[in-house]
$ cat structure-v3.cif   # mmCIF, C-alpha atoms
data_work
#
loop_
_atom_site.label_atom_id
_atom_site.label_comp_id
_atom_site.auth_asym_id
_atom_site.auth_seq_id
_atom_site.Cartn_x
_atom_site.Cartn_y
_atom_site.Cartn_z
CA MET A 1 -33.50 22.41 66.50
CA PRO A 2 -33.74 19.49 68.94
CA ARG A 3 -33.76 20.29 72.61
CA LEU A 4 -30.44 19.79 74.42
CA PRO A 5 -30.16 17.01 77.01
CA SER A 6 -30.81 18.26 80.54
CA HIS A 7 -27.28 17.48 81.71
CA HIS A 8 -25.85 19.59 78.87
CA VAL A 9 -28.17 22.49 79.72
CA ALA A 10 -27.08 22.27 83.36
CA GLU A 11 -23.42 22.33 82.30
CA LEU A 12 -23.99 25.43 80.14
CA ILE A 13 -25.77 27.26 82.95
CA ALA A 14 -22.90 26.43 85.28
CA ARG A 15 -20.27 27.43 82.72
CA TYR A 16 -21.77 30.85 81.99
CA GLY A 17 -23.40 31.52 85.36
CA VAL A 18 -26.67 32.40 83.64
CA ARG A 19 -29.34 33.73 85.97
CA VAL A 20 -32.23 36.18 86.02
CA LEU A 21 -31.33 39.06 88.30
CA ASP A 22 -33.72 40.30 90.99
CA ALA A 23 -33.23 43.95 90.15
CA GLU A 24 -36.36 46.10 90.10
CA THR A 25 -35.54 49.69 90.95
CA PRO A 26 -33.16 51.95 89.01
CA ALA A 27 -30.78 51.84 91.97
CA GLU A 28 -30.62 48.05 91.87
CA ILE A 29 -30.27 47.95 88.09
CA ALA A 30 -27.44 50.49 88.20
CA GLY A 31 -25.70 48.40 90.84
CA GLU A 32 -25.89 45.26 88.71
CA VAL A 33 -24.58 47.06 85.62
CA GLU A 34 -21.72 48.58 87.64
CA ARG A 35 -20.71 45.10 88.82
CA THR A 36 -19.74 44.27 85.22
CA ASP A 37 -17.11 47.04 85.46
CA SER A 38 -19.01 48.88 82.75
CA ASP A 39 -18.03 52.39 81.71
CA PRO A 40 -19.54 54.83 84.25
CA GLU A 41 -21.18 56.94 81.54
CA GLY A 42 -22.76 53.83 80.07
CA VAL A 43 -24.17 52.77 83.41
CA GLY A 44 -26.70 55.57 83.39
CA ILE A 45 -27.66 54.95 79.75
CA MET A 46 -28.18 51.22 80.25
CA THR A 47 -29.96 51.62 83.56
CA ARG A 48 -32.63 53.69 81.83
CA LYS A 49 -33.36 50.66 79.64
CA GLY A 50 -33.38 48.10 82.42
CA ARG A 51 -36.79 48.39 84.02
CA THR A 52 -40.33 48.43 82.71
CA LEU A 53 -42.77 50.55 84.68
CA LEU A 54 -46.48 49.90 84.22
CA VAL A 55 -48.52 53.09 84.56
CA ARG A 56 -52.32 53.10 84.58
CA LEU A 57 -54.44 56.02 83.39
CA ASP A 58 -58.24 56.16 83.59
CA GLY A 59 -60.78 58.08 81.54
CA ILE A 60 -58.63 58.45 78.41
CA SER A 61 -60.73 59.57 75.43
CA LEU A 62 -61.40 57.49 72.35
CA LYS A 63 -59.23 59.85 70.28
CA ALA A 64 -56.36 60.05 72.77
CA ALA A 65 -55.87 56.31 73.38
CA PRO A 66 -54.62 55.45 69.86
CA LEU A 67 -52.26 58.41 69.92
CA LEU A 68 -50.84 57.22 73.22
CA LYS A 69 -50.26 53.77 71.79
CA GLN A 70 -48.70 55.22 68.63
CA GLU A 71 -46.25 57.33 70.63
CA MET A 72 -45.35 54.41 72.88
CA LEU A 73 -44.78 52.05 69.95
CA ALA A 74 -42.57 54.64 68.28
CA LEU A 75 -40.34 54.53 71.35
CA GLY A 76 -40.19 50.72 71.41
CA ALA A 77 -42.64 50.62 74.31
CA ASP A 78 -46.34 49.71 74.28
CA SER A 79 -49.72 50.46 75.79
CA ALA A 80 -52.95 48.56 76.34
CA HIS A 81 -56.48 49.90 76.09
CA ALA A 82 -60.04 48.62 75.73
CA LYS A 83 -60.76 46.54 72.62
CA GLY A 84 -63.74 48.84 72.03
CA VAL A 85 -61.36 51.60 70.95
CA ALA A 86 -60.85 49.81 67.61
CA ASP A 87 -64.56 49.58 66.72
CA LEU A 88 -65.51 52.89 68.39
CA SER A 89 -67.86 51.12 70.81
CA VAL A 90 -66.51 52.99 73.85
CA GLN A 91 -66.21 56.68 74.59
CA GLN A 92 -63.22 56.37 76.93
CA THR A 93 -60.88 53.71 78.24
CA ALA A 94 -58.40 52.78 80.91
CA VAL A 95 -54.86 52.63 79.56
CA VAL A 96 -51.82 50.77 80.87
CA LEU A 97 -48.50 52.08 79.61
CA LEU A 98 -45.52 49.71 79.56
CA GLY A 99 -42.22 51.51 79.23
CA THR A 100 -38.80 52.05 80.69
CA PRO A 101 -37.86 55.24 82.53
CA ALA A 102 -35.90 56.35 79.46
CA GLN A 103 -38.91 55.82 77.22
CA TYR A 104 -41.13 57.85 79.53
CA THR A 105 -38.53 60.63 79.51
CA HIS A 106 -38.90 60.83 75.73
CA LEU A 107 -42.67 60.32 75.80
CA ILE A 108 -43.59 63.22 78.06
CA PRO A 109 -42.40 66.12 75.82
CA LYS A 110 -43.95 64.40 72.81
CA LEU A 111 -47.33 64.19 74.54
CA ARG A 112 -47.16 67.88 75.36
CA ARG A 113 -47.38 68.58 71.62
CA GLN A 114 -50.45 66.41 71.13
CA PRO A 115 -54.18 67.35 71.27
CA PHE A 116 -57.04 65.63 73.12
CA GLN A 117 -55.88 66.56 76.64
CA LEU A 118 -52.61 64.65 76.26
CA ARG A 119 -50.67 67.69 77.48
CA ALA A 120 -52.48 67.33 80.82
CA VAL A 121 -51.79 63.59 80.77
CA ALA A 122 -48.08 64.38 80.30
CA ASP A 123 -48.06 66.65 83.35
CA ALA A 124 -49.78 64.02 85.50
CA LEU A 125 -47.51 61.27 84.21
CA GLU A 126 -44.37 63.26 84.99
CA ALA A 127 -45.62 64.01 88.51
CA VAL A 128 -46.54 60.40 89.28
CA LEU A 129 -43.24 58.98 88.02
CA GLY A 130 -41.41 61.50 90.20
CA ASN A 131 -43.60 60.65 93.20
CA TYR A 132 -43.17 56.90 92.80
CA THR A 133 -39.40 56.95 92.47
CA ARG A 134 -38.70 59.71 94.99
CA ALA A 135 -36.22 58.81 97.71
CA GLY A 136 -34.61 60.70 100.54
CA PRO A 137 -35.63 62.48 103.72
CA ARG A 138 -38.82 64.44 104.11
CA LEU A 139 -39.69 66.60 107.09
CA LEU A 140 -43.12 66.22 108.63
CA GLU A 141 -43.67 69.36 110.68
CA GLY A 142 -45.92 68.67 113.65
CA LEU A 143 -47.35 71.55 115.65
CA HIS A 144 -45.01 70.88 118.56
CA ARG A 145 -42.61 68.16 117.37
CA SER A 146 -41.43 67.22 113.92
CA LEU A 147 -40.29 63.98 112.36
CA THR A 148 -38.05 63.21 109.41
CA LEU A 149 -39.39 60.41 107.25
CA GLY A 150 -36.83 58.81 104.99
CA ASN A 151 -35.51 55.47 103.91
CA SER A 152 -36.48 53.62 107.08
CA THR A 153 -40.03 52.67 107.99
CA VAL A 154 -41.08 54.18 111.31
CA VAL A 155 -43.53 52.71 113.79
CA MET A 156 -46.59 54.63 114.94
CA GLY A 157 -47.47 53.14 118.31
CA ILE A 158 -51.20 52.71 118.98
CA LEU A 159 -52.66 53.92 122.27
CA ASN A 160 -56.39 53.29 122.52
CA ILE A 161 -57.86 55.02 125.56
CA THR A 162 -61.22 53.40 124.93
CA PRO A 163 -63.28 50.73 126.68
CA ASP A 164 -64.33 49.04 123.43
CA SER A 165 -61.45 48.87 120.91
CA PHE A 166 -61.26 45.49 119.18
CA SER A 167 -57.96 44.26 120.62
CA ASP A 168 -57.15 46.30 123.72
CA GLY A 169 -60.38 47.97 124.77
CA GLY A 170 -60.41 48.75 128.48
CA LEU A 171 -56.69 48.19 129.01
CA PHE A 172 -55.69 51.87 128.85
CA ASP A 173 -58.92 53.75 129.53
CA GLN A 174 -57.65 55.14 132.85
CA PRO A 175 -55.51 58.28 132.43
CA GLU A 176 -52.58 57.18 134.59
CA VAL A 177 -52.42 53.80 132.84
CA ALA A 178 -52.67 55.42 129.40
CA ILE A 179 -49.91 57.91 130.17
CA ALA A 180 -47.64 55.14 131.38
CA ARG A 181 -48.31 53.12 128.23
CA GLY A 182 -47.62 56.18 126.04
CA LEU A 183 -44.22 56.62 127.65
CA GLU A 184 -43.57 52.90 127.26
CA ILE A 185 -44.46 53.05 123.55
CA GLU A 186 -41.84 55.76 123.06
CA ALA A 187 -39.26 53.75 125.00
CA GLU A 188 -39.97 50.71 122.80
CA GLY A 189 -38.89 52.65 119.72
CA ALA A 190 -42.04 54.18 118.23
CA ARG A 191 -41.43 57.42 116.35
CA ILE A 192 -45.06 58.60 116.55
CA LEU A 193 -47.74 57.98 119.19
CA ASP A 194 -51.31 57.63 117.87
CA VAL A 195 -53.92 58.28 120.55
CA GLY A 196 -57.51 57.24 119.92
CA ALA A 197 -60.41 58.04 122.23
CA GLU A 198 -63.20 56.57 120.09
CA SER A 199 -63.17 53.06 118.69
CA SER A 200 -63.26 52.75 114.90
CA ARG A 201 -63.68 48.96 114.86
CA PRO A 202 -66.43 47.60 112.56
CA GLY A 203 -69.83 48.26 114.09
CA ALA A 204 -68.48 50.47 116.88
CA THR A 205 -71.01 52.68 118.67
CA PRO A 206 -70.16 56.36 118.16
CA ILE A 207 -69.65 58.61 121.15
CA SER A 208 -70.25 62.32 121.60
CA VAL A 209 -67.70 65.06 121.08
CA GLU A 210 -67.67 65.74 124.81
CA GLN A 211 -67.09 62.08 125.72
CA GLU A 212 -64.17 61.86 123.32
CA LEU A 213 -62.68 65.11 124.57
CA GLU A 214 -63.07 64.11 128.19
CA ARG A 215 -60.92 61.06 127.57
CA LEU A 216 -58.29 63.09 125.70
CA ARG A 217 -58.09 65.86 128.29
CA GLY A 218 -56.95 63.35 130.88
CA VAL A 219 -54.08 62.13 128.72
CA LEU A 220 -52.86 64.54 126.03
CA PRO A 221 -51.44 67.37 128.20
CA ALA A 222 -49.36 64.96 130.26
CA LEU A 223 -48.08 63.14 127.19
CA HIS A 224 -47.29 66.46 125.50
CA ASP A 225 -45.17 67.47 128.51
CA ARG A 226 -43.28 64.19 128.78
CA LEU A 227 -42.84 62.76 125.27
CA LYS A 228 -40.20 63.66 122.70
CA ILE A 229 -41.98 62.02 119.77
CA PRO A 230 -44.92 63.58 117.86
CA ILE A 231 -48.44 62.76 119.00
CA SER A 232 -51.20 61.96 116.53
CA VAL A 233 -54.87 62.11 117.50
CA ASP A 234 -57.07 59.48 115.86
CA THR A 235 -60.42 61.21 115.37
CA ARG A 236 -63.06 61.87 112.73
CA LYS A 237 -64.60 64.90 114.44
CA PRO A 238 -63.37 68.42 113.55
CA GLU A 239 -64.25 69.74 117.02
CA VAL A 240 -62.16 67.02 118.65
CA ALA A 241 -59.27 67.57 116.26
CA ARG A 242 -59.21 71.31 116.98
CA ALA A 243 -59.22 70.80 120.76
CA ALA A 244 -56.69 67.94 120.63
CA LEU A 245 -54.21 70.06 118.70
CA ASP A 246 -54.57 72.73 121.38
CA LEU A 247 -54.06 70.09 124.09
CA GLY A 248 -50.71 69.00 122.66
CA ALA A 249 -51.33 66.75 119.64
CA ASP A 250 -49.11 67.38 116.62
CA MET A 251 -51.16 65.83 113.82
CA VAL A 252 -54.53 64.29 112.96
CA ASN A 253 -55.29 60.74 111.81
CA ASP A 254 -58.76 60.80 110.22
CA VAL A 255 -60.30 57.41 109.36
CA THR A 256 -62.91 59.18 107.22
CA GLY A 257 -60.22 60.62 104.98
CA LEU A 258 -60.80 64.35 105.61
CA ARG A 259 -64.24 63.92 104.07
CA ASP A 260 -65.70 66.67 106.26
CA PRO A 261 -64.79 70.12 104.84
CA GLU A 262 -64.65 71.49 108.39
CA MET A 263 -61.97 68.93 109.27
CA ARG A 264 -59.92 70.16 106.31
CA ARG A 265 -60.37 73.75 107.47
CA VAL A 266 -59.31 72.91 111.04
CA ILE A 267 -56.13 71.23 109.83
CA ALA A 268 -55.34 73.94 107.29
CA ARG A 269 -55.72 76.72 109.87
CA ALA A 270 -53.55 74.85 112.36
CA GLY A 271 -50.91 73.92 109.80
CA ALA A 272 -50.85 70.38 111.16
CA PRO A 273 -50.00 67.18 109.28
CA ALA A 274 -52.89 64.83 108.52
CA ILE A 275 -53.31 61.18 107.59
CA ILE A 276 -56.00 60.56 104.98
CA VAL A 277 -57.45 57.07 105.49
CA HIS A 278 -59.64 55.31 102.94
CA MET A 279 -62.94 54.13 104.35
CA ARG A 280 -66.40 53.76 102.88
CA GLY A 281 -69.15 55.08 105.09
CA THR A 282 -68.51 55.07 108.84
CA PRO A 283 -67.18 52.47 111.28
CA GLU A 284 -70.81 51.53 111.93
CA THR A 285 -71.58 50.87 108.24
CA MET A 286 -68.24 50.24 106.50
CA GLN A 287 -68.56 46.44 106.31
CA ASN A 288 -72.05 46.56 104.81
CA ASN A 289 -70.86 47.04 101.23
CA LEU A 290 -67.66 45.30 100.16
CA GLU A 291 -68.42 45.33 96.42
CA TYR A 292 -65.81 47.09 94.29
CA ILE A 293 -65.71 47.09 90.51
CA ASP A 294 -61.94 47.59 90.65
CA LEU A 295 -60.64 47.67 94.22
CA ARG A 296 -57.25 49.31 93.80
CA THR A 297 -58.45 51.81 91.22
CA GLU A 298 -61.33 52.87 93.46
CA VAL A 299 -59.25 53.14 96.65
CA TYR A 300 -56.50 55.04 94.83
CA GLY A 301 -59.00 57.34 93.14
CA THR A 302 -60.71 58.17 96.43
CA LEU A 303 -57.39 58.99 98.08
CA ALA A 304 -56.26 61.03 95.07
CA ARG A 305 -59.43 63.13 95.19
CA ALA A 306 -59.08 63.56 98.96
CA VAL A 307 -55.49 64.77 98.56
CA ALA A 308 -56.57 67.24 95.87
CA SER A 309 -59.41 68.56 98.07
CA ALA A 310 -57.09 68.93 101.06
CA ILE A 311 -54.54 70.91 99.05
CA GLU A 312 -57.27 73.07 97.51
CA ASP A 313 -58.52 73.87 101.03
CA GLY A 314 -55.11 75.07 102.15
CA ILE A 315 -53.33 72.03 103.62
CA ALA A 316 -49.69 71.99 102.52
CA PRO A 317 -48.95 68.97 100.27
CA GLU A 318 -45.86 68.07 102.32
CA GLN A 319 -48.08 67.74 105.43
CA LEU A 320 -50.29 64.99 103.97
CA LEU A 321 -49.96 61.23 104.39
CA THR A 322 -52.24 58.57 102.88
CA ASP A 323 -53.46 55.22 104.22
CA PRO A 324 -55.29 52.65 102.03
CA GLY A 325 -57.39 51.72 105.05
CA LEU A 326 -56.79 48.02 105.62
CA GLY A 327 -59.73 46.65 107.58
CA PHE A 328 -61.97 49.62 106.78
CA GLY A 329 -64.67 48.36 104.43
CA LYS A 330 -62.71 45.56 102.78
CA SER A 331 -62.83 41.77 102.78
CA THR A 332 -59.88 39.59 103.77
CA GLU A 333 -58.94 39.06 100.13
CA GLN A 334 -59.24 42.77 99.38
CA ASN A 335 -57.04 43.72 102.34
CA LEU A 336 -54.38 41.25 101.23
CA ASP A 337 -54.54 42.59 97.66
CA LEU A 338 -54.01 46.16 98.87
CA LEU A 339 -51.11 45.09 101.07
CA HIS A 340 -49.50 43.20 98.19
CA HIS A 341 -49.71 46.27 95.92
CA VAL A 342 -49.16 48.94 98.57
CA SER A 343 -46.24 50.49 96.69
CA GLU A 344 -48.71 51.86 94.12
CA PHE A 345 -49.92 54.40 96.65
CA ARG A 346 -46.50 56.10 96.63
CA SER A 347 -47.64 57.51 93.27
CA LEU A 348 -49.70 60.12 95.14
CA GLY A 349 -46.54 61.78 96.41
CA CYS A 350 -47.47 61.44 100.08
CA PRO A 351 -45.78 59.18 102.64
CA VAL A 352 -47.86 56.00 102.93
CA VAL A 353 -49.19 54.72 106.25
CA VAL A 354 -50.36 51.14 106.79
CA GLY A 355 -52.28 49.84 109.79
CA ALA A 356 -52.71 46.06 109.76
CA SER A 357 -51.83 45.34 113.38
CA ARG A 358 -53.99 42.58 114.93
CA LYS A 359 -56.79 43.16 112.43
CA GLY A 360 -59.44 40.59 111.61
CA PHE A 361 -58.23 39.86 108.07
CA LEU A 362 -54.94 38.61 109.52
CA GLY A 363 -56.84 36.25 111.80
CA LYS A 364 -58.85 34.95 108.86
CA ALA A 365 -55.67 34.50 106.81
CA LEU A 366 -54.45 32.29 109.66
CA GLY A 367 -57.62 30.20 109.56
CA GLY A 368 -59.52 32.03 112.28
CA ALA A 369 -56.82 32.96 114.78
CA PRO A 370 -58.14 35.12 117.65
CA VAL A 371 -56.72 38.57 118.25
CA GLU A 372 -54.37 37.48 121.03
CA ILE A 373 -52.32 35.26 118.69
CA ARG A 374 -51.93 37.58 115.69
CA LEU A 375 -48.51 38.99 116.64
CA GLU A 376 -46.53 37.12 113.99
CA ALA A 377 -49.11 37.93 111.32
CA SER A 378 -49.01 41.60 112.29
CA ILE A 379 -45.22 41.66 112.04
CA ALA A 380 -45.32 39.90 108.66
CA ALA A 381 -47.75 42.53 107.36
CA ALA A 382 -45.51 45.32 108.69
CA VAL A 383 -42.47 43.85 106.93
CA ILE A 384 -44.37 43.45 103.65
CA ALA A 385 -45.48 47.08 103.93
CA ALA A 386 -41.91 48.23 104.60
CA LEU A 387 -40.56 46.36 101.58
CA GLY A 388 -43.25 48.10 99.54
CA GLY A 389 -41.84 51.49 100.48
CA VAL A 390 -44.36 52.39 103.20
CA SER A 391 -43.14 55.20 105.47
CA VAL A 392 -45.20 54.55 108.63
CA VAL A 393 -46.59 51.35 110.12
CA ARG A 394 -49.17 51.49 112.92
CA ALA A 395 -48.59 48.83 115.57
CA HIS A 396 -49.90 47.72 118.94
CA ASP A 397 -46.86 45.53 119.62
CA VAL A 398 -44.23 48.20 119.20
CA ALA A 399 -40.95 46.63 120.33
CA PRO A 400 -41.10 43.44 118.18
CA THR A 401 -42.32 45.45 115.19
CA VAL A 402 -39.42 47.90 115.53
CA ARG A 403 -36.95 44.99 115.63
CA ALA A 404 -38.52 43.30 112.60
CA LEU A 405 -38.49 46.53 110.59
CA ALA A 406 -34.81 47.06 111.37
CA VAL A 407 -34.11 43.90 109.37
CA ALA A 408 -36.63 44.80 106.66
CA ASP A 409 -35.03 48.21 106.25
CA ALA A 410 -31.57 46.68 106.03
CA VAL A 411 -32.88 44.82 102.97
CA ARG A 412 -35.04 47.67 101.71
CA VAL A 413 -32.25 50.26 101.65
CA GLY A 414 -30.99 48.65 98.45
CA ARG A 415 -34.41 49.10 96.87
CA PHE A 416 -35.38 52.61 97.90
CA GLY A 417 -32.25 54.34 99.12
CA ASP A 418 -28.59 53.22 99.12
CA ASN A 419 -25.72 54.93 97.36
CA HIS A 420 -27.78 55.41 94.20
CA ALA A 421 -30.37 57.62 95.91
CA GLY A 422 -31.40 60.44 93.66
CA ARG A 423 -30.77 58.46 90.50
CA ASP A 424 -34.48 57.61 90.29
CA GLU A 425 -35.52 61.20 89.58
CA GLU A 426 -32.77 61.49 86.99
CA LEU A 427 -33.96 58.35 85.22
CA THR A 428 -37.58 59.44 84.94
CA GLY A 429 -36.73 62.93 83.83
CA SER A 430 -38.45 64.24 86.96
CA SER A 431 -37.27 66.38 89.79
CA SER A 432 -38.63 66.77 93.28
CA SER A 433 -37.36 68.94 96.07
CA MET A 434 -36.73 66.93 99.19
CA THR A 435 -37.45 68.77 102.39
CA LYS A 436 -34.77 68.05 104.91
CA GLY A 437 -34.66 68.78 108.57
CA PRO A 438 -33.76 67.44 111.98
CA THR A 439 -35.92 64.96 113.81
#
$ encode --input "structure-v3.cif" --output "structure tokens"
Amino acid sequence: MPRLPSHHVAELIARYGVRVLDAETPAEIAGEVERTDSDPEGVGIMTRKGRTLLVRLDGISLKAAPLLKQEMLALGADSAHAKGVADLSVQQTAVVLLGTPAQYTHLIPKLRRQPFQLRAVADALEAVLGNYTRAGPRLLEGLHRSLTLGNSTVVMGILNITPDSFSDGGLFDQPEVAIARGLEIEAEGARILDVGAESSRPGATPISVEQELERLRGVLPALHDRLKIPISVDTRKPEVARAALDLGADMVNDVTGLRDPEMRRVIARAGAPAIIVHMRGTPETMQNNLEYIDLRTEVYGTLARAVASAIEDGIAPEQLLTDPGLGFGKSTEQNLDLLHHVSEFRSLGCPVVVGASRKGFLGKALGGAPVEIRLEASIAAAVIAALGGVSVVRAHDVAPTVRALAVADAVRVGRFGDNHAGRDEELTGSSSSMTKGPT
């Protein structure tokens, strides 16, 4: 059939108002279907068919992969695996499933009847789909102050009481100045204050436990007495974490990702929340090896194992947050890739934290901009993170970031909250109990 003249095509598009809709989440799809004045019962049925979710699984056996594909094809969905599965040249494979929420709902009970560890795959798949689509408030119970994380992205204000931090070293290393800045950060709209007494910039010289504690002792008790928002202590030392929690901190932000078993024990005994950050090595060595076979798979896998270890050692799952560690052992391109795909980390079931503020990769993305002119880049990164469903953004420039996120959240509420909240769990066949509580 010959192609229609362009003017005729334009007339047809105008006549029928044909357009591709920007509707990604179940909530958005339901909204678009409802706008047709469709039957309410049919809205739920059609919404289940309206979105394809790609789910990756690693380490699937040679026998399980074809069964997975067979079950997906039977549902009108599909899956991809290594070509070596066909000629038996591989022992295991990564698999990417491509299905709608409705198809996954039917897939999971079918997999539970299959051999080759597919029952375990079904359990993990159900959990991840529930984690990824979960919406609604979640209480983070600090030791002294708690915070409800929900559909808005909150700002964690950064207070470095160090002489050598990369962007503000020496500005707040005197106790009275640091205390004043902490109060100012709260007044500017931060919902958490993150206090760091040892620099974690690339190549930073480590300090002793006593040096770090000396800096914190001059600041934490006063901030504890005067602030209403929770205080996080940014440390990788279990001894410092234990003392800081006693001095008034509510939670721990560990750039080494709770790698030290003693750090996990300290947090578990205290019952404090903790942020698990991805970082290879230490701040002194983290930029020495930037080679990843598969960046996002490796970062996600490391965080997943860290979450599992933390829970096994007694830390409550609802007290854990994860951070992909932008700037910690990654190149500019790798940091940008993680930021672009940050929503994937919601699959772990923990609120996601992102810290891009003033970091070097933003300067490089701007063609070599020095730290003092990275404000706009930092805000752009914070907004991208918020639109990806991130719960907490770390920021040096609190007030402008809070204002930018207010706009981002006004847009984002249609993607991760709005009047269809709760429909996501229904559509994936999953359920999750949302912990609610006052701020």
$ resolve_selection --input "structure-v3.cif" --expression "the PyMOL selection byres ((chain A and resi 393-407) around 6)" --output "list in words"
Val155, Met156, Gly157, Ile158, Glu188, Val353, Val354, Gly355, Ser357, Ile379, Val392, Ala408, Asp409 and Ala410 of chain A
$ write_last_selection --input "structure-v3.cif" --atoms "C-alpha atoms" --output "PDB file, in the frame of the given file"
ATOM      1  CA  VAL A 155     -43.530  52.710 113.790  1.00  0.00           C
ATOM      2  CA  MET A 156     -46.590  54.630 114.940  1.00  0.00           C
ATOM      3  CA  GLY A 157     -47.470  53.140 118.310  1.00  0.00           C
ATOM      4  CA  ILE A 158     -51.200  52.710 118.980  1.00  0.00           C
ATOM      5  CA  GLU A 188     -39.970  50.710 122.800  1.00  0.00           C
ATOM      6  CA  VAL A 353     -49.190  54.720 106.250  1.00  0.00           C
ATOM      7  CA  VAL A 354     -50.360  51.140 106.790  1.00  0.00           C
ATOM      8  CA  GLY A 355     -52.280  49.840 109.790  1.00  0.00           C
ATOM      9  CA  SER A 357     -51.830  45.340 113.380  1.00  0.00           C
ATOM     10  CA  ILE A 379     -45.220  41.660 112.040  1.00  0.00           C
ATOM     11  CA  VAL A 392     -45.200  54.550 108.630  1.00  0.00           C
ATOM     12  CA  ALA A 408     -36.630  44.800 106.660  1.00  0.00           C
ATOM     13  CA  ASP A 409     -35.030  48.210 106.250  1.00  0.00           C
ATOM     14  CA  ALA A 410     -31.570  46.680 106.030  1.00  0.00           C
TER      15      ALA A 410
END
$ resolve_selection --input "structure-v3.cif" --expression "the PyMOL selection byres ((chain A and resi 75-77) around 7)" --output "PyMOL selection string"
chain A and resi 71-74+78+98-99+103
$ atom_distance --input "structure-v3.cif" --atom1 "atom CA of Ala365 of chain A" --atom2 "atom CA of Asp337 of chain A"
12.3 Å
$ residues_around --input "structure-v3.cif" --residues "Leu67 of chain A" --least-positions-apart "4" --cutoff "10 Å" --atoms "all atoms listed in the file" --output "NGL selection string"
:A and (62-63 or 71-73 or 111 or 114-116 or 118)
$ closest_residue --input "structure-v3.cif" --among "A:Glu298, A:Glu312, A:Glu186, A:Asp246" --to "Pro261 of chain A" --atoms "all atoms listed in the file"
A:Glu312
$ resolve_selection --input "structure-v3.cif" --expression "the PyMOL selection byres ((chain A and resi 322) around 9)" --output "ChimeraX atom specification"
/A:257,274-278,303,307,320-321,323-325,345-346,348,350-354
$ residues_around --input "structure-v3.cif" --residues "Leu21 of chain A" --least-positions-apart "3" --cutoff "9 Å" --atoms "all atoms listed in the file" --output "ChimeraX atom specification"
/A:24,29,32
$ atom_distance --input "structure-v3.cif" --atom1 "atom CA of Val154 of chain A" --atom2 "atom CA of Leu213 of chain A"
27.6 Å
$ closest_residue --input "structure-v3.cif" --among "A:Ala356, A:Leu68, A:Leu216, A:Leu57" --to "Thr297 of chain A" --atoms "all atoms listed in the file"
A:Leu57
$ closest_atom_pairs --input "structure-v3.cif" --of "segment 118-149 of chain A" --to "segment 248-254 of chain A" --cutoff "8 Å" --atoms "all atoms listed in the file" --output "JSON lines"
{"residue": "A:Gly142", "atom": "CA", "partner": "A:Asp250", "partner_atom": "CA", "distance": 4.5}
{"residue": "A:Leu143", "atom": "CA", "partner": "A:Asp250", "partner_atom": "CA", "distance": 4.6}
{"residue": "A:His144", "atom": "CA", "partner": "A:Asp250", "partner_atom": "CA", "distance": 5.7}
{"residue": "A:Arg145", "atom": "CA", "partner": "A:Asp250", "partner_atom": "CA", "distance": 6.6}
$ atom_distance --input "structure-v3.cif" --atom1 "atom CA of Ser309 of chain A" --atom2 "atom CA of Val255 of chain A"
15.9 Å
